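Inspection log for the structure reproduced underneath, given as structure tokens.
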Amino acid sequence: MTVHKLKILPEFFQEKIALKKSFEIRNNDRNFEVGDTLVLQEFEDGNYTGREYWEDVIYITDYLQKDDVVVLGTQPNEREFPF
């Protein structure tokens, strides 16, 4: 398991924290794997806002994507929502 810190724009960050967006489409330049954790760091106007959202990768597909692009199925990390 690897922890990946990734930039995310505010409009997508809002969808994440509202639990409306359960996927990420990303270049696979980090060799993402099921079980990895994503730390999505809100990024606006060239700066980090300080807000983060943690989630885990539970599914990966490259079906009908451009070369080296993957769709990551995600769920909230226990850090965000301890069940």
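Chain labels run A, B, ... following the order of the structure tokens; each chain numbers its residues from 1, and ligands are numbered from 1 in the order shown.
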Q: Pull the strand (DSSP E) assignments for chain A out of DSSP run on the backbone, and list those residues as a ChimeraX atom specification.
A: /A:3-8,23-27,37-44,47-61,69-76
Q: Find the residues near Thr2 in chain A: any atom within 9 Å, counting only C-alpha atoms, skip ones fewer than 4 places away on the same chain, and give them as a PyMOL selection string.
A: chain A and resi 32-33+35-38
Grab the residues selected above and save them as a PDB file, in the first residue's frame with C-alpha atoms.
ATOM      1  CA  PHE A  32      -1.732   3.021  -8.586  1.00  0.00           C
ATOM      2  CA  GLU A  33      -2.859  -0.231  -6.965  1.00  0.00           C
ATOM      3  CA  GLY A  35      -5.307  -0.769  -1.421  1.00  0.00           C
ATOM      4  CA  ASP A  36      -3.449   2.505  -1.986  1.00  0.00           C
ATOM      5  CA  THR A  37      -4.543   5.632  -0.126  1.00  0.00           C
ATOM      6  CA  LEU A  38      -5.119   8.949  -1.886  1.00  0.00           C
TER       7      LEU A  38
END
Q) Near range 6-13 of chain A, counting only C-alpha atoms, which residues have an atom at most 9 Å away, once you skip same-chain residues fewer than 6 positions from it, shown as a PyMOL selection string? A) chain A and resi 21+38-44+48+51-53
So that I have them on file, write out the residues from the current selection with C-alpha atoms, as a CSV table (one decimal), in the first residue's frame.
chain,number,residue,atom,x,y,z
A,21,LYS,CA,-17.9,11.5,-6.3
A,38,LEU,CA,-5.1,8.9,-1.9
A,39,VAL,CA,-4.6,12.2,0.0
A,40,LEU,CA,-6.5,14.7,-2.1
A,41,GLN,CA,-5.2,18.2,-1.4
A,42,GLU,CA,-7.4,21.1,-2.5
A,43,PHE,CA,-5.5,23.4,-4.9
A,44,GLU,CA,-6.8,26.8,-6.0
A,48,TYR,CA,-2.9,24.6,-1.6
A,51,ARG,CA,-7.9,21.1,3.1
A,52,GLU,CA,-7.4,17.4,2.6
A,53,TYR,CA,-9.6,14.4,1.9
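Atom pair CA of Asp68 in chain A / CA of Gly50 in chain A: separated by 29.1 Å.
Taking chain A and asking which residues DSSP calls alpha helix (DSSP H) on the backbone, you get A:Pro10, A:Glu11, A:Phe12, A:Phe13, A:Gln14, A:Glu15, A:Lys16, A:Ile17.
Closest approach to Arg26 in chain A among A:Asn77, A:Thr61, A:Thr49, A:Gln14: A:Thr61, based on only C-alpha atoms.
In this model, the gap between CA of Tyr59 in chain A and CA of Ile17 in chain A comes to 19.3 Å.
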Q: State, in Å with one decimal place, the distance from CA of Thr74 in chain A to CA of Met1 in chain A.
A: 14.2 Å
Q: Choose the residue, out of A:Glu15, A:Lys5, A:Asn27, A:Lys20, that has the smallest atom-to-atom separation from Asp62 in chain A; count only C-alpha atoms.
A: A:Asn27
